[in-house]
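Pasting final-v5.txt here (compact mmCIF, C-alpha atoms):
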```txt
# COMPACT_ATOMS: atom_id res chain seq x y z
CA ALA A 1 0.00 0.00 0.00
CA PRO A 2 1.30 3.50 -0.75
CA GLY A 3 3.09 4.92 2.23
CA GLY A 4 3.06 1.55 4.08
CA PRO A 5 6.02 -0.67 4.94
CA ALA A 6 7.75 -2.50 2.16
CA ARG A 7 6.87 -6.20 1.65
CA GLY A 8 9.09 -8.39 3.80
CA SER A 9 9.87 -5.67 6.36
CA SER A 10 9.55 -6.50 10.07
CA ASP A 11 8.81 -4.71 13.31
CA ALA A 12 12.48 -5.22 14.28
CA SER A 13 13.73 -3.48 11.14
CA ALA A 14 11.27 -0.65 11.66
CA SER A 15 12.55 -0.30 15.21
CA ARG A 16 16.15 -0.20 14.02
CA ALA A 17 15.26 2.43 11.45
CA ALA A 18 13.86 4.62 14.21
CA LEU A 19 17.09 4.57 16.21
CA PRO A 20 19.26 7.69 16.19
CA PRO A 21 22.38 7.72 13.98
CA ARG A 22 25.26 5.72 15.45
CA GLY A 23 27.10 7.64 18.13
CA GLU A 24 24.41 10.31 18.49
CA ASP A 25 21.88 10.91 21.25
CA PRO A 26 18.23 10.46 20.27
CA PRO A 27 16.29 13.64 19.49
CA GLY A 28 14.24 14.99 22.34
CA GLY A 29 15.81 13.27 25.31
CA GLU A 30 17.62 10.39 26.93
CA ASP A 31 18.04 7.12 25.08
CA PRO A 32 15.97 4.45 26.92
CA LEU A 33 18.43 1.81 25.73
CA GLY A 34 21.48 3.54 27.24
CA PRO A 35 24.00 3.92 28.67
CA LEU A 36 25.82 2.58 25.58
CA ARG A 37 25.12 4.26 22.26
CA ASP A 38 24.53 2.25 19.11
CA GLY A 39 27.87 0.73 18.09
CA GLU A 40 29.57 1.51 21.42
CA GLN A 41 31.24 -1.16 23.54
CA ARG A 42 32.76 -1.33 27.01
CA GLU A 43 35.02 -3.75 28.83
CA VAL A 44 34.38 -5.10 32.33
CA GLN A 45 36.59 -7.38 34.37
CA GLY A 46 34.92 -10.70 35.14
CA SER A 47 36.18 -14.03 36.44
CA ALA A 48 38.35 -14.68 33.37
CA ALA A 49 41.88 -13.34 32.85
CA GLN A 50 40.74 -11.15 29.95
CA PRO A 51 37.93 -8.60 30.38
CA TYR A 52 34.52 -9.25 28.85
CA VAL A 53 33.19 -6.96 26.14
CA LEU A 54 29.72 -5.45 26.43
CA LYS A 55 28.40 -4.15 23.13
CA ARG A 56 25.29 -2.50 21.79
CA THR A 57 24.21 -2.93 18.17
CA GLY A 58 20.96 -1.15 17.39
CA GLY A 59 18.51 -2.25 20.06
CA LEU A 60 20.49 -5.38 20.98
CA TYR A 61 23.03 -5.82 23.77
CA SER A 62 25.60 -8.59 23.90
CA CYS A 63 28.37 -9.75 26.21
CA SER A 64 31.35 -11.96 25.44
CA CYS A 65 31.00 -13.87 28.74
CA PRO A 66 30.10 -17.59 28.62
CA ALA A 67 26.81 -17.03 30.46
CA TRP A 68 25.54 -14.78 27.65
CA ARG A 69 27.00 -16.83 24.79
CA ASN A 70 25.65 -20.18 26.01
CA GLN A 71 22.04 -19.09 26.49
CA GLY A 72 19.42 -20.46 24.17
CA GLY A 73 17.16 -18.34 22.02
CA GLY A 74 17.87 -15.17 20.10
CA PRO A 75 20.15 -12.38 21.32
CA GLU A 76 17.19 -10.11 22.05
CA GLY A 77 16.18 -12.37 24.95
CA ARG A 78 19.59 -12.82 26.55
CA THR A 79 21.21 -11.01 29.43
CA CYS A 80 23.88 -11.64 32.06
CA LYS A 81 25.11 -10.23 35.36
CA HIS A 82 27.52 -7.90 33.54
CA LEU A 83 24.72 -6.32 31.49
CA LYS A 84 22.61 -6.03 34.65
CA GLY A 85 25.49 -4.25 36.31
CA LEU A 86 25.93 -1.88 33.40
CA ARG A 87 22.29 -1.00 32.75
CA GLY A 88 20.60 -1.78 36.06
CA GLU A 89 18.43 -4.78 36.84
CA ALA A 90 15.10 -3.01 36.21
CA ALA A 91 16.19 -1.76 32.78
CA GLU A 92 17.44 -5.21 31.76
CA LEU A 93 14.26 -6.90 32.93
CA GLU A 94 12.23 -4.45 30.85
CA ARG A 95 14.48 -4.95 27.80
CA VAL A 96 14.52 -8.75 27.95
CA GLY A 97 10.84 -8.99 28.74
CA SER A 98 11.07 -12.48 30.26
CA ARG A 99 11.37 -13.11 33.98
CA LYS A 100 12.61 -16.65 33.33
CA ALA A 101 15.45 -15.52 31.08
CA PHE A 102 16.30 -12.70 33.45
CA TYR A 103 16.53 -14.82 36.59
CA ASN A 104 18.23 -17.76 34.88
CA THR A 105 21.31 -15.57 34.50
CA GLY A 106 21.78 -14.94 38.21
CA ALA A 107 20.46 -12.12 40.33
CA ARG A 108 23.67 -10.34 41.23
CA VAL A 109 25.42 -7.72 39.15
CA ALA A 110 29.15 -7.67 38.47
CA GLY A 111 31.96 -5.79 36.77
CA LYS A 112 34.18 -2.84 37.56
CA GLU A 113 32.10 -0.65 35.24
CA ALA A 114 28.86 -1.69 36.90
CA ALA A 115 26.61 1.22 37.76
CA PRO A 116 24.87 1.13 41.14
CA THR A 117 21.25 0.01 40.92
CA SER A 118 18.36 0.40 43.32
CA ALA A 119 18.29 -3.36 43.86
CA ALA A 120 22.01 -3.51 44.57
CA ALA A 121 21.68 -0.61 46.99
CA GLY A 122 18.80 -2.36 48.71
CA ALA A 123 20.80 -5.55 49.08
CA GLU A 124 23.70 -3.64 50.58
CA ALA A 125 21.39 -1.89 53.03
CA ALA A 126 19.88 -5.21 54.03
CA ARG A 127 23.27 -6.82 54.58
CA LYS A 128 24.41 -3.92 56.75
CA ALA A 129 21.28 -3.97 58.89
CA THR A 130 21.74 -5.26 62.41
CA VAL A 131 19.85 -8.52 62.76
CA ALA A 132 19.08 -9.93 66.21
CA LEU A 133 19.93 -13.63 66.39
CA ALA A 134 18.30 -16.17 68.67
CA SER A 135 20.30 -17.59 71.57
CA GLN A 136 19.53 -20.18 74.20
CA TRP A 137 18.57 -18.91 77.65
CA ASP A 138 20.68 -20.44 80.43
CA GLU A 139 17.83 -19.95 82.91
CA LYS A 140 20.15 -17.79 85.02
CA LYS A 141 20.33 -14.46 83.27
CA ASP A 142 17.70 -11.97 84.42
CA VAL A 143 15.46 -11.30 81.42
CA ALA A 144 12.86 -9.16 83.20
CA GLY A 145 11.66 -6.49 80.79
CA TRP A 146 12.93 -8.36 77.73
CA VAL A 147 10.71 -9.06 74.74
CA MET A 148 10.41 -12.72 73.77
CA MET A 149 9.36 -14.05 70.36
CA GLU A 150 9.05 -17.49 68.88
CA LYS A 151 11.85 -18.33 66.42
CA LEU A 152 10.04 -19.80 63.44
CA ASP A 153 11.60 -22.54 61.35
CA GLY A 154 11.99 -21.10 57.87
CA GLU A 155 14.19 -18.82 55.73
CA ARG A 156 15.41 -15.75 57.62
CA CYS A 157 15.43 -12.78 55.30
CA LEU A 158 15.32 -9.00 55.08
CA TRP A 159 12.91 -6.88 53.08
CA ASP A 160 14.93 -3.85 51.90
CA GLY A 161 11.93 -1.52 51.85
CA GLU A 162 12.25 -0.97 48.12
CA ASP A 163 12.07 -3.91 45.75
CA GLY A 164 13.84 -6.96 47.12
CA MET A 165 14.05 -9.64 49.78
CA TRP A 166 17.52 -10.86 50.73
CA THR A 167 18.95 -13.68 52.78
CA ARG A 168 21.41 -12.81 55.54
CA SER A 169 24.25 -13.80 53.19
CA GLY A 170 23.10 -11.21 50.61
CA LYS A 171 21.39 -13.52 48.10
CA ARG A 172 18.19 -12.30 46.50
CA VAL A 173 15.02 -14.22 47.29
CA VAL A 174 13.05 -14.56 44.05
CA ALA A 175 9.53 -13.87 45.31
CA PRO A 176 6.50 -13.30 43.05
CA CYS A 177 5.59 -9.71 42.25
CA SER A 178 2.21 -10.27 43.90
CA PHE A 179 3.97 -11.18 47.17
CA LEU A 180 6.35 -8.20 47.06
CA ALA A 181 3.49 -5.82 46.26
CA GLY A 182 2.04 -6.44 49.71
CA LEU A 183 5.19 -5.39 51.57
CA PRO A 184 5.51 -1.80 52.88
CA ARG A 185 7.91 0.59 51.13
CA GLY A 186 10.41 2.77 52.93
CA ILE A 187 11.18 0.48 55.88
CA THR A 188 13.58 -2.45 56.26
CA LEU A 189 11.96 -5.48 57.87
CA ASP A 190 13.68 -8.50 59.37
CA GLY A 191 11.59 -11.65 59.45
CA GLU A 192 11.02 -15.25 58.49
CA LEU A 193 9.60 -16.81 55.36
CA TRP A 194 7.84 -19.96 56.47
CA MET A 195 4.96 -22.31 55.67
CA GLY A 196 3.98 -23.50 59.13
CA ARG A 197 5.47 -25.81 61.72
CA GLY A 198 6.94 -29.03 60.40
CA ASN A 199 7.37 -27.61 56.89
CA PHE A 200 10.97 -26.40 57.02
CA GLN A 201 12.20 -28.48 54.06
CA THR A 202 9.16 -27.57 51.97
CA THR A 203 9.72 -23.90 52.74
CA MET A 204 13.38 -24.09 51.71
CA THR A 205 12.47 -25.83 48.46
CA VAL A 206 9.93 -23.15 47.54
CA VAL A 207 11.68 -19.92 48.56
CA ARG A 208 15.08 -20.90 47.13
CA ARG A 209 13.75 -21.64 43.67
CA GLN A 210 14.50 -19.10 40.93
CA ASP A 211 11.13 -19.23 39.18
CA ALA A 212 8.79 -18.08 42.00
CA PRO A 213 6.53 -21.18 41.92
CA LYS A 214 2.82 -21.20 42.68
CA GLU A 215 3.51 -22.67 46.13
CA TRP A 216 4.45 -19.13 47.24
CA GLU A 217 0.72 -18.71 47.87
CA ARG A 218 1.30 -20.68 51.10
CA VAL A 219 4.34 -18.66 52.25
CA THR A 220 4.07 -16.14 55.08
CA PHE A 221 6.57 -13.40 55.94
CA THR A 222 6.48 -13.02 59.71
CA VAL A 223 8.23 -9.85 60.89
CA TYR A 224 10.58 -9.89 63.90
CA ASP A 225 12.05 -6.40 63.77
CA ALA A 226 12.51 -3.18 61.80
CA PRO A 227 16.32 -2.91 62.18
CA GLY A 228 16.65 0.41 60.37
CA ALA A 229 14.11 2.23 62.53
CA PRO A 230 15.37 4.43 65.42
CA GLY A 231 15.05 3.53 69.07
CA GLY A 232 14.96 0.33 71.05
CA ILE A 233 13.11 -2.86 70.25
CA ALA A 234 9.75 -1.50 71.43
CA ASP A 235 10.13 1.54 69.16
CA ARG A 236 11.19 -0.58 66.21
CA LEU A 237 8.30 -3.00 66.66
CA ALA A 238 5.93 -0.03 66.81
CA ALA A 239 7.41 1.24 63.53
CA ALA A 240 6.99 -2.19 61.94
CA ARG A 241 3.41 -2.44 63.18
CA ALA A 242 2.59 1.01 61.81
CA ALA A 243 4.07 0.11 58.41
CA LEU A 244 2.08 -3.10 58.01
CA PRO A 245 -1.19 -2.88 56.08
CA ALA A 246 -4.24 -2.07 58.16
CA THR A 247 -6.15 -4.82 56.33
CA PRO A 248 -4.99 -8.28 57.48
CA ASP A 249 -2.96 -10.10 54.83
CA ALA A 250 -2.50 -13.85 55.10
CA SER A 251 1.04 -13.57 53.70
CA LEU A 252 2.29 -10.87 56.11
CA GLY A 253 2.28 -10.55 59.87
CA LEU A 254 4.14 -9.47 63.00
CA ASP A 255 5.48 -12.11 65.37
CA ALA A 256 3.69 -12.16 68.71
CA GLN A 257 5.77 -10.60 71.47
CA THR A 258 5.69 -11.37 75.17
CA ALA A 259 7.25 -9.14 77.83
CA ALA A 260 9.15 -11.21 80.36
CA ALA A 261 8.00 -10.57 83.92
```

Output the file's structure in the form of C-alpha cells.
Amino acid sequence: APGGPARGSSDASASRAALPPRGEDPPGGEDPLGPLRDGEQREVQGSAAQPYVLKRTGGLYSCSCPAWRNQGGGPEGRTCKHLKGLRGEAAELERVGSRKAFYNTGARVAGKEAAPTSAAAGAEAARKATVALASQWDEKKDVAGWVMMEKLDGERCLWDGEDGMWTRSGKRVVAPCSFLAGLPRGITLDGELWMGRGNFQTTMTVVRRQDAPKEWERVTFTVYDAPGAPGGIADRLAAARAALPATPDASLGLDAQTAAA
C-alpha cells in the first residue's frame, strides 16, 4: 500500500530504522536503551583473565561472557550479570521482557564498570542492617523487661523496603511480584519466610527456587524487627506495626511478642 512498509519488512527493522544515527543521542531526550550508544562497547573485568566486552548494536546488547554466549534463544532475549550491572536490573528486565530468562542468569550484578542500581543498593542496606539472632537462655540471666518471640523454622530474610528480599548472606530471594506488592515501602523489615510448623524443608524448596513457583501462595513473611528504625526494640516493633497494612494479609504478619515478667 502506498506509504506503508515495504513487503518483507519486520517490526524489528522498523525499530532499528527509528534509532538515532550511530554515536548520536536520540532527538528529544535520553536514550531508553542507554548507557551505551549504538555501536559503542565497554570492557568489564569478570572471572576470566581477559575482560569481557559489552556491546550495543541497534537495540540489541551482547556480552562476550560464557553465560551470555551459552544461552538459548535469540540475542534479544539474553542477558547476564555484567549487562545487569551496566544498565541496572530493572532496565534489563524491561528490555529482555522475560522473567525466566532474566533470573536464569543470576540475580547479582558484576563488573568494575557496573553502575549502582536500586536493587544492589537495597541488598547492601539489608546486609548492613543489624539482625538480632536467637540464643539459648541459660535460665540464670535476668530477662525481666525483655521481649520474647518465637523463632520460626523457615528462611530468615530481610525486606529492603524498596524492591527486594535478601537472605542474611546477601542472596536475593526470588519472590512473586504479587507477594512483594504487599510489603511496605520505605522500611527495612527483618523476618522469616515460612509455611507453618513441620514444613521447614518444603519452605526451603519453595523460597530458594529461581522461578517463584505457585507454592508461594502458602508462604508467610512473619516480621521480627525493623532494624533500620530508630530507638529500642519496642520503638522498632511499633514502627513495623505502623508500616504493616491495616487490612490483614494472610502472607504478612508481625510475630507475637511477650514481655518477660

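For the point (2.5, -6.8, 55.7) in file coordinates, the residues within 10 Å, using all atoms listed in the file, are A:Phe179, A:Leu180, A:Ala181, A:Gly182, A:Leu183, A:Pro184, A:Leu189, A:Thr220, A:Phe221, A:Thr222, A:Val223, A:Ala240, A:Arg241, A:Ala242, A:Ala243, A:Leu244, A:Pro245, A:Ala246, A:Thr247, A:Pro248, A:Asp249, A:Ala250, A:Ser251, A:Leu252, A:Gly253, A:Leu254.
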
Practice task
Tell me, as a PyMOL selection string, which residues lie within 8 Å of region 191-203 of chain A, counting only C-alpha atoms; anything in the same chain fewer than 6 positions away does not count.
Solution key: chain A and resi 152-158+218-225

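Distance check against Glu162 (chain A) using all atoms listed in the file: of A:Glu94, A:Arg185, A:Gly145, A:Leu86, the minimum falls on A:Arg185.
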
Exercise for the section: Give me the residues within 6 Å of Tyr52 (chain A) as a list in words, counting all atoms listed in the file and dropping any in the same chain fewer than 3 places off. Expected result: Glu43, Val44, Ser64 and Cys65 of chain A

Dump as a JSON list (two decimals), in the frame of the given file, selection limited to C-alpha atoms:
```
[["chain", "number", "residue", "atom", "x", "y", "z"],
["A", 43, "GLU", "CA", 35.02, -3.75, 28.83],
["A", 44, "VAL", "CA", 34.38, -5.10, 32.33],
["A", 64, "SER", "CA", 31.35, -11.96, 25.44],
["A", 65, "CYS", "CA", 31.00, -13.87, 28.74]]
```

Fill in the blank from the handout: One residue among A:Ala91, A:Ala226, A:Ala49, A:Leu36 is nearest to Ile187 (chain A) when using only C-alpha atoms, and that residue is A:Ala226

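In this model, the gap between CA of Leu83 (chain A) and CA of Lys171 (chain A) comes to 18.4 Å.
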
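With CA of Leu54 (chain A) on one side and CA of Arg95 (chain A) on the other, the separation reads 15.3 Å.
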
Practice task
Please check which residues have atoms at most 12 Å from (26.7, -5.7, 24.8) in the file's coordinates, counting only C-alpha atoms, and write them as a PyMOL selection string.
Solution key: chain A and resi 33-44+52-65+68-69+75-76+78-87+92

Reconstruct region 173-192 of chain A at the level of N, CA, C and O atoms, and format the result as a compact mmCIF listing (two decimals), in the frame of the given file.
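This is the output file out-v5.txt:
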```txt
# COMPACT_ATOMS: atom_id res chain seq x y z
N VAL A 173 16.10 -13.26 47.26
CA VAL A 173 15.02 -14.22 47.29
C VAL A 173 14.07 -13.88 46.15
O VAL A 173 13.55 -12.77 46.08
N VAL A 174 13.88 -14.82 45.23
CA VAL A 174 13.05 -14.56 44.05
C VAL A 174 11.58 -14.82 44.43
O VAL A 174 11.08 -15.93 44.30
N ALA A 175 10.94 -13.79 44.90
CA ALA A 175 9.53 -13.87 45.31
C ALA A 175 8.65 -13.34 44.19
O ALA A 175 9.07 -12.49 43.41
N PRO A 176 7.41 -13.81 44.09
CA PRO A 176 6.50 -13.30 43.05
C PRO A 176 6.21 -11.82 43.26
O PRO A 176 6.23 -11.32 44.38
N CYS A 177 5.92 -11.14 42.17
CA CYS A 177 5.59 -9.71 42.25
C CYS A 177 4.37 -9.49 43.13
O CYS A 177 4.29 -8.50 43.86
N SER A 178 3.41 -10.42 43.09
CA SER A 178 2.21 -10.27 43.90
C SER A 178 2.54 -10.31 45.39
O SER A 178 1.90 -9.64 46.20
N PHE A 179 3.55 -11.09 45.77
CA PHE A 179 3.97 -11.18 47.17
C PHE A 179 4.68 -9.89 47.58
O PHE A 179 4.40 -9.32 48.63
N LEU A 180 5.60 -9.42 46.75
CA LEU A 180 6.35 -8.20 47.06
C LEU A 180 5.44 -6.97 47.11
O LEU A 180 5.71 -6.03 47.85
N ALA A 181 4.38 -6.99 46.31
CA ALA A 181 3.49 -5.82 46.26
C ALA A 181 2.81 -5.58 47.60
O ALA A 181 2.40 -4.45 47.90
N GLY A 182 2.69 -6.61 48.43
CA GLY A 182 2.04 -6.44 49.71
C GLY A 182 2.94 -5.97 50.82
O GLY A 182 2.48 -5.73 51.95
N LEU A 183 4.24 -5.81 50.54
CA LEU A 183 5.19 -5.39 51.57
C LEU A 183 5.32 -3.86 51.59
O LEU A 183 5.30 -3.22 50.54
N PRO A 184 5.48 -3.27 52.78
CA PRO A 184 5.51 -1.80 52.88
C PRO A 184 6.81 -1.22 52.35
O PRO A 184 7.89 -1.79 52.56
N ARG A 185 6.73 -0.09 51.66
CA ARG A 185 7.91 0.59 51.13
C ARG A 185 8.47 1.54 52.19
O ARG A 185 7.75 2.05 53.04
N GLY A 186 9.78 1.76 52.09
CA GLY A 186 10.41 2.77 52.93
C GLY A 186 10.85 2.29 54.30
O GLY A 186 11.28 3.11 55.11
N ILE A 187 10.76 0.99 54.58
CA ILE A 187 11.18 0.48 55.88
C ILE A 187 11.78 -0.91 55.70
O ILE A 187 11.24 -1.75 54.97
N THR A 188 12.93 -1.15 56.30
CA THR A 188 13.58 -2.45 56.26
C THR A 188 12.97 -3.34 57.33
O THR A 188 12.87 -2.94 58.49
N LEU A 189 12.58 -4.55 56.94
CA LEU A 189 11.96 -5.48 57.87
C LEU A 189 12.76 -6.78 57.93
O LEU A 189 13.14 -7.33 56.90
N ASP A 190 13.01 -7.22 59.13
CA ASP A 190 13.68 -8.50 59.37
C ASP A 190 12.61 -9.52 59.76
O ASP A 190 11.78 -9.24 60.64
N GLY A 191 12.62 -10.67 59.12
CA GLY A 191 11.59 -11.65 59.45
C GLY A 191 11.90 -13.03 58.91
O GLY A 191 13.03 -13.33 58.53
N GLU A 192 10.88 -13.84 58.88
CA GLU A 192 11.02 -15.25 58.49
C GLU A 192 10.00 -15.59 57.43
O GLU A 192 8.80 -15.31 57.56
```
